[in-house]
Structure formats: structure tokens, C-alpha cells
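S.K.: Before anything else, here's the structure in question.
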Amino acid sequence: MMRSATRWIVAMMVGILVNMGVLGAASAAMVGTQDALRADHRAEIDRVLSRDEVRQELLAHGVSEEMIDARLSAMTDQELAMMANEFDQLPAGAGVIEVVGIVFIVLLILELVGVTNIFSGF
Amino acid sequence: MAALLGGCAHLQPSAPPVSGAELVQTPFFPQSAYQCGPAALATVLVDSGAQTTPYRLVEQVWVEGRKGSLQPELLAATRRAGRLPIRIEPDTDALNAAVGAGYPTLVLLNLGVRWLPVWHYAVVIGHADDGWILRSGTTKRRWMPHADFTRAWKLADYWGFIVAHPAHVPDAVTTEQWVRAADDLANTGHADDGVIALEQAVRRWPNDKLAWFALGNARAARGDWPAAQVALERAVSLGPDWTPAVNNLVSTLLELGCPDRAAPLVGQLRASSADYARQTVREFEDYAGTARCQLTP
């Protein structure tokens, strides 16, 4: 009796953790494919923390709340960790220059002496 | 001045006729202000058969506060379209091979300098004698001489990826690359597409224990326990000493109500110091299920 109650509690915890996105739908003792290729197995815990941090960053940078969950769910643990740790350093591909003043002059000079191809690279 | 600030000035001629491969069928989505990310991504996704537009991708990849799109989010949006983003090796040979194999390649470029970067996403569609042909910005065929392209791509750490359909494994990809990408797809809400991709993996690499292991896990994750058991048995037969596969097979056999079938494998788990192995041994020892084994003997 006691053993099946324990299994039920374990199953419920797994269910909670599944909904938190921490574990896949498999049994709790299964090793994930990429975890098996890795030395340490703490990836699940990191995901929860990273996910929260990235949520805050995206919100702070103007991404609307309704969009955020879908964006977070599609990223891997490594991608979430990278976004969490380096958000401001990651290149933001834009394709245009939002520069004024001295920065624009510098870029223009670099272009004219042939160092860059900003204006021709589009 | 105003035209230059517009960011889409065309001071270079468009591309010369090609001698090498050019993927002329690649769709073209001219970008709107700041949004080379959605435009480039739409280009490669639609080329792979997905149905989308730059407008629809804006809400998936655009970050207003950074006035641009971030690399991890381009990969994530690829998965949301039910496709596998596969990073190419960081060199021009790999880029040439990808385009030559028919895969337009989305690349990050720094068109400025290291200390004053101008980040841009474009799609490489061809290789001419002395340069590359891109879908870029508002230009359908933008030519970049080798030296310019290499400089701009090097500053972006040679980052680029192709988009693969789950049912079509690219020739040049390795088992590990494909399995990782398929596993990522399965783990981000696309279990069915992940399984499709891994079924292709075991067809392509039938003697690779990693492919069978990954397939077994993907099937288990969506509750297909009998099918998971088949794949994991295969993984264990190909790598009897590989503890992760043994572990997951034992777990699966318990799910199927077959502790007797699991028993011969548990000794190996007892010898392991891994946490998951200890947990599985405990599950085995605590097993109190009374349902009949779902597997035929």
C-alpha cells in the first residue's frame, strides 16, 4: 500500500515538474539524449532559472507578454543560458544603421577608405 | 546623406552571372527597416516548404529594445515552424558545400568593424568566381567579393545555419548534429516532428547507438512506450556497456510492466555511480505494479 502511495506522489511530482517544463513526459529516471552526451546532469535546474531571467530581459526590452512564453519554449537550455548570461552582448541583426553624429562620420570614413561595406553590403 | 542613413543604399552593382551554383528558386523577401532577421528567416523557412512571412516572424524574433533580432531566437523560430536549424561548420568550405547541396544558408555578418559593429542577417544563395551571392536587405541578388564577405562573416564568428525538413537528412550532416537538432526539436514542443527526424536518423545510420537511443527517448517522451522499448533495445544491443541506454531501457520496461525483462540489466546500473542509475535501481526495487507485461515474450 505504502509503496503504491509513494509511486503516486512521485507521479504527481513528475506531473508538476513536467508542467514547469523541467522534465519531459518520460519517467523521472530517464536520461535525456543530450544529457547522456554530457558530463554533468544539472541542465534541468539551470533551465528554470535561465528561462526566468530571459523572460525578464525580453519584457524589459519591449517584447509583449503574450509573445514571450512561446519564444522561450522554443529555445534549448543552452540558448536560454546564453540569452540569460549575455543578453546585451549578443549581436542584434538589424540591417540598417541607427547612428548619428560622430559615429556616422567614423563609419562613413571607414567606408570611403574601403574598410567596411556597410552601404554596399545590403 | 539621407539616402545613406536609410541603410539600404545600393552602391554596388547587383550580382554578375554565376559560374558556380546559384539557388535561383530561393524566395525573396525584401526587408523593412531594421528587420533583416524576419526577412532572412522567412527566406530560408519558405524555401524549406514552411508557410510564413516576415510579418508573421516579427513577433517571434524582433526585440524592440535592441532594435534587431538575436541569433538564438532565429533558431527557436525555425523550430516553431517544424524545421531543424543546423549550424554549419565555421568556414567557407562548409558554406560552399551547404549551398552546393541546395541549402540557402542564413548568415550573420558584421558589416562594420569589431569596435563599431553593424550586424546584419543575409541568406547566401550562390557562389560566383570571385564572390558570393546573397539575398540581402532589399536586394534580390547582392554580390559580395570574397574578401569583403569573409571579413564580415569572420567578425560574426562564421555563424550560419541551414533549415532542414524533419523527413530529409542533409547529406553532409553528422549523426550527432542531426540527433542533437532532432532532440532539440522534440524538447521544444514538436515531439512528432522530432520522432520523424529520428526515424530518418536510424534509417540513415542503422548501426549508430546514439540515433536509436534518441529515437527511443523521443518515443518515450510522447508516451509510445512499446515503440520506445524497441528502439532502446536496439541501442543497448549496439552498445551494451553504455549506461544511459541501459538505464532508459530498464525504465521503459518498468513502464510496460515488465520487471522480469528488466532484471538482467539492473546489475549494470548498480555498478554505476550516476544519480539517474541509482534512481532507476530504486524504482526497480520498489516496483509494486501488478499489471501484466505489455510485451509479447
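By order of appearance in the C-alpha cells: chains A, B, ..., then residues from 1 within every chain, and ligands from 1 in the order shown.
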Using only C-alpha atoms, which protein or nucleic acid residues come within 12 Å of Met82 (chain A)? Drop anything in the same chain fewer than 6 positions from it, and give the result as a count of residues only.
M.R.: 15
S.K.: For chain B against chain A, which residues fall within 6 Å using only C-alpha atoms, given as a ChimeraX atom specification?
M.R.: /B:7,9-12,34-36,64-65,68-70,72,76,111-112,119-121,136-137,188,214,220-221,248,276,279-280
S.K.: With only C-alpha atoms as the counted atoms, please give the residues lying no more than 8 Å from region 53-55 of chain B, apart from itself and same-chain residues fewer than 6 positions off, as a list of chain:residue names.
M.R.: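 Here the qualifying residues turn out to be B:Phe29, B:Gln31, B:Pro38, B:Ala39, B:Leu41, B:Ala42, B:Val46.
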S.K.: Please measure the separation of CA of Gly257 (chain B) and CA of Glu285 (chain B), giving the value in Å to one decimal.
M.R.: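 Computed distance, CA of Gly257 (chain B) to CA of Glu285 (chain B), equals 13.3 Å.
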S.K.: Return as an mmCIF file with N, CA and C atoms, in the first residue's frame the full set of residues in region 21-247 of chain B whose backbone-based DSSP assignment is strand (DSSP E or B).
M.R.:
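Output file selection.cif is given in full below:
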```
data_model
loop_
_atom_site.group_PDB
_atom_site.id
_atom_site.type_symbol
_atom_site.label_atom_id
_atom_site.label_comp_id
_atom_site.auth_asym_id
_atom_site.auth_seq_id
_atom_site.Cartn_x
_atom_site.Cartn_y
_atom_site.Cartn_z
ATOM 1 N N GLU B 22 23.855 28.548 -58.128
ATOM 2 C CA GLU B 22 23.031 29.613 -57.581
ATOM 3 C C GLU B 22 21.635 29.068 -57.361
ATOM 4 N N TRP B 62 11.682 39.601 -33.163
ATOM 5 C CA TRP B 62 12.037 41.022 -33.059
ATOM 6 C C TRP B 62 12.111 41.449 -31.606
ATOM 7 N N VAL B 63 13.201 42.169 -31.246
ATOM 8 C CA VAL B 63 13.344 42.718 -29.901
ATOM 9 C C VAL B 63 13.420 44.231 -30.034
ATOM 10 N N GLY B 68 16.527 44.900 -33.148
ATOM 11 C CA GLY B 68 17.041 43.846 -34.030
ATOM 12 C C GLY B 68 16.604 42.479 -33.559
ATOM 13 N N SER B 69 17.180 41.454 -34.151
ATOM 14 C CA SER B 69 16.845 40.071 -33.823
ATOM 15 C C SER B 69 18.088 39.337 -33.335
ATOM 16 N N LEU B 70 17.904 38.471 -32.352
ATOM 17 C CA LEU B 70 19.024 37.764 -31.738
ATOM 18 C C LEU B 70 19.133 36.344 -32.290
ATOM 19 N N LEU B 84 14.338 21.829 -38.573
ATOM 20 C CA LEU B 84 15.550 21.706 -37.785
ATOM 21 C C LEU B 84 16.570 22.754 -38.240
ATOM 22 N N PRO B 85 16.965 23.672 -37.345
ATOM 23 C CA PRO B 85 18.077 24.561 -37.693
ATOM 24 C C PRO B 85 19.386 23.813 -37.482
ATOM 25 N N ILE B 86 20.231 23.746 -38.510
ATOM 26 C CA ILE B 86 21.509 23.039 -38.381
ATOM 27 C C ILE B 86 22.618 24.043 -38.617
ATOM 28 N N ARG B 87 23.405 24.305 -37.577
ATOM 29 C CA ARG B 87 24.543 25.210 -37.721
ATOM 30 C C ARG B 87 25.545 24.583 -38.677
ATOM 31 N N THR B 105 21.750 29.461 -47.106
ATOM 32 C CA THR B 105 22.294 29.490 -45.756
ATOM 33 C C THR B 105 22.154 30.882 -45.152
ATOM 34 N N LEU B 106 21.493 30.946 -44.006
ATOM 35 C CA LEU B 106 21.336 32.218 -43.302
ATOM 36 C C LEU B 106 22.606 32.491 -42.522
ATOM 37 N N VAL B 107 23.203 33.647 -42.747
ATOM 38 C CA VAL B 107 24.447 34.001 -42.065
ATOM 39 C C VAL B 107 24.286 35.326 -41.328
ATOM 40 N N LEU B 108 25.056 35.447 -40.237
ATOM 41 C CA LEU B 108 25.196 36.727 -39.549
ATOM 42 C C LEU B 108 26.451 37.397 -40.092
ATOM 43 N N LEU B 109 26.365 38.680 -40.374
ATOM 44 C CA LEU B 109 27.521 39.434 -40.852
ATOM 45 C C LEU B 109 27.710 40.679 -39.996
ATOM 46 N N ASN B 110 28.970 41.083 -39.825
ATOM 47 C CA ASN B 110 29.263 42.387 -39.230
ATOM 48 C C ASN B 110 29.810 43.253 -40.344
ATOM 49 N N VAL B 113 32.984 47.358 -38.157
ATOM 50 C CA VAL B 113 34.266 46.876 -37.637
ATOM 51 C C VAL B 113 34.008 46.306 -36.244
ATOM 52 N N LEU B 116 32.953 48.795 -33.746
ATOM 53 C CA LEU B 116 31.765 49.552 -34.133
ATOM 54 C C LEU B 116 30.952 48.659 -35.078
ATOM 55 N N TRP B 119 25.489 44.848 -37.390
ATOM 56 C CA TRP B 119 25.062 43.462 -37.543
ATOM 57 C C TRP B 119 23.946 43.331 -38.572
ATOM 58 N N HIS B 120 24.039 42.268 -39.354
ATOM 59 C CA HIS B 120 23.095 42.088 -40.461
ATOM 60 C C HIS B 120 22.931 40.598 -40.729
ATOM 61 N N TYR B 121 21.702 40.169 -40.986
ATOM 62 C CA TYR B 121 21.450 38.802 -41.420
ATOM 63 C C TYR B 121 21.157 38.800 -42.911
ATOM 64 N N ALA B 122 21.771 37.860 -43.617
ATOM 65 C CA ALA B 122 21.506 37.714 -45.045
ATOM 66 C C ALA B 122 21.492 36.231 -45.371
ATOM 67 N N VAL B 123 21.064 35.896 -46.577
ATOM 68 C CA VAL B 123 20.983 34.493 -46.991
ATOM 69 C C VAL B 123 21.895 34.275 -48.195
ATOM 70 N N VAL B 124 22.860 33.374 -48.049
ATOM 71 C CA VAL B 124 23.777 33.068 -49.145
ATOM 72 C C VAL B 124 23.098 32.079 -50.083
ATOM 73 N N ILE B 125 23.023 32.428 -51.353
ATOM 74 C CA ILE B 125 22.355 31.542 -52.314
ATOM 75 C C ILE B 125 23.249 31.085 -53.445
ATOM 76 N N GLY B 126 24.476 31.614 -53.494
ATOM 77 C CA GLY B 126 25.313 31.198 -54.618
ATOM 78 C C GLY B 126 26.748 31.643 -54.477
ATOM 79 N N HIS B 127 27.550 31.042 -55.315
ATOM 80 C CA HIS B 127 28.986 31.263 -55.276
ATOM 81 C C HIS B 127 29.450 31.567 -56.692
ATOM 82 N N ALA B 128 29.886 32.793 -56.927
ATOM 83 C CA ALA B 128 30.437 33.144 -58.224
ATOM 84 C C ALA B 128 31.951 32.971 -58.162
ATOM 85 N N GLY B 131 33.264 35.779 -55.700
ATOM 86 C CA GLY B 131 32.423 36.324 -54.641
ATOM 87 C C GLY B 131 31.223 35.446 -54.347
ATOM 88 N N TRP B 132 30.390 35.947 -53.436
ATOM 89 C CA TRP B 132 29.188 35.248 -53.014
ATOM 90 C C TRP B 132 27.960 36.031 -53.440
ATOM 91 N N ILE B 133 26.873 35.304 -53.637
ATOM 92 C CA ILE B 133 25.610 35.938 -53.982
ATOM 93 C C ILE B 133 24.649 35.763 -52.819
ATOM 94 N N LEU B 134 24.050 36.857 -52.408
ATOM 95 C CA LEU B 134 23.169 36.826 -51.238
ATOM 96 C C LEU B 134 21.810 37.425 -51.557
ATOM 97 N N ARG B 135 20.803 36.947 -50.833
ATOM 98 C CA ARG B 135 19.570 37.702 -50.710
ATOM 99 C C ARG B 135 19.809 38.582 -49.484
ATOM 100 N N SER B 136 19.784 39.883 -49.665
ATOM 101 C CA SER B 136 20.229 40.728 -48.573
ATOM 102 C C SER B 136 19.499 42.043 -48.577
ATOM 103 N N THR B 139 17.835 43.801 -51.652
ATOM 104 C CA THR B 139 18.453 43.404 -52.912
ATOM 105 C C THR B 139 18.279 41.926 -53.163
ATOM 106 N N LYS B 140 17.687 41.570 -54.272
ATOM 107 C CA LYS B 140 17.409 40.161 -54.530
ATOM 108 C C LYS B 140 18.696 39.383 -54.805
ATOM 109 N N ARG B 141 19.622 39.998 -55.568
ATOM 110 C CA ARG B 141 20.898 39.336 -55.828
ATOM 111 C C ARG B 141 22.014 40.302 -55.504
ATOM 112 N N ARG B 142 22.507 40.190 -54.259
ATOM 113 C CA ARG B 142 23.575 41.080 -53.820
ATOM 114 C C ARG B 142 24.898 40.333 -53.923
ATOM 115 N N TRP B 143 25.821 40.902 -54.610
ATOM 116 C CA TRP B 143 27.131 40.270 -54.776
ATOM 117 C C TRP B 143 28.120 40.833 -53.773
ATOM 118 N N MET B 144 28.849 39.963 -53.074
ATOM 119 C CA MET B 144 29.920 40.412 -52.183
ATOM 120 C C MET B 144 31.213 39.716 -52.573
ATOM 121 N N PRO B 145 32.254 40.482 -52.906
ATOM 122 C CA PRO B 145 33.538 39.847 -53.223
ATOM 123 C C PRO B 145 34.030 39.011 -52.044
ATOM 124 N N GLY B 160 26.347 30.641 -39.039
ATOM 125 C CA GLY B 160 25.341 30.462 -40.077
ATOM 126 C C GLY B 160 24.612 29.148 -39.863
ATOM 127 N N PHE B 161 23.405 29.019 -40.471
ATOM 128 C CA PHE B 161 22.689 27.758 -40.355
ATOM 129 C C PHE B 161 21.820 27.527 -41.577
ATOM 130 N N ILE B 162 21.522 26.238 -41.766
ATOM 131 C CA ILE B 162 20.558 25.856 -42.801
ATOM 132 C C ILE B 162 19.290 25.363 -42.125
ATOM 133 N N VAL B 163 18.228 25.278 -42.891
ATOM 134 C CA VAL B 163 16.948 24.802 -42.382
ATOM 135 C C VAL B 163 16.658 23.461 -43.028
ATOM 136 N N ALA B 164 16.472 22.432 -42.212
ATOM 137 C CA ALA B 164 16.203 21.093 -42.735
ATOM 138 C C ALA B 164 14.787 20.653 -42.385
#
```
S.K.: May I ask for the distance between CA of Val99 (chain B) and CA of Ala182 (chain B), given in Å to one decimal place?
M.R.: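 So the two atoms, CA of Val99 (chain B) and CA of Ala182 (chain B), lie 21.5 Å apart.
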S.K.: Could you tell me how far CA of Leu198 (chain B) lies from CA of Pro259 (chain B), in Å and to one decimal?
M.R.: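 Rounded to one decimal, the two atoms are 27.3 Å apart.
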S.K.: Set the distance at 12 Å and use only C-alpha atoms: which residues neighbour Arg204 (chain B) once local chain neighbours fewer than 5 positions away are removed? I'd like the list as a PyMOL selection string.
M.R.: chain B and resi 167-175+178-179+197-199+211-212
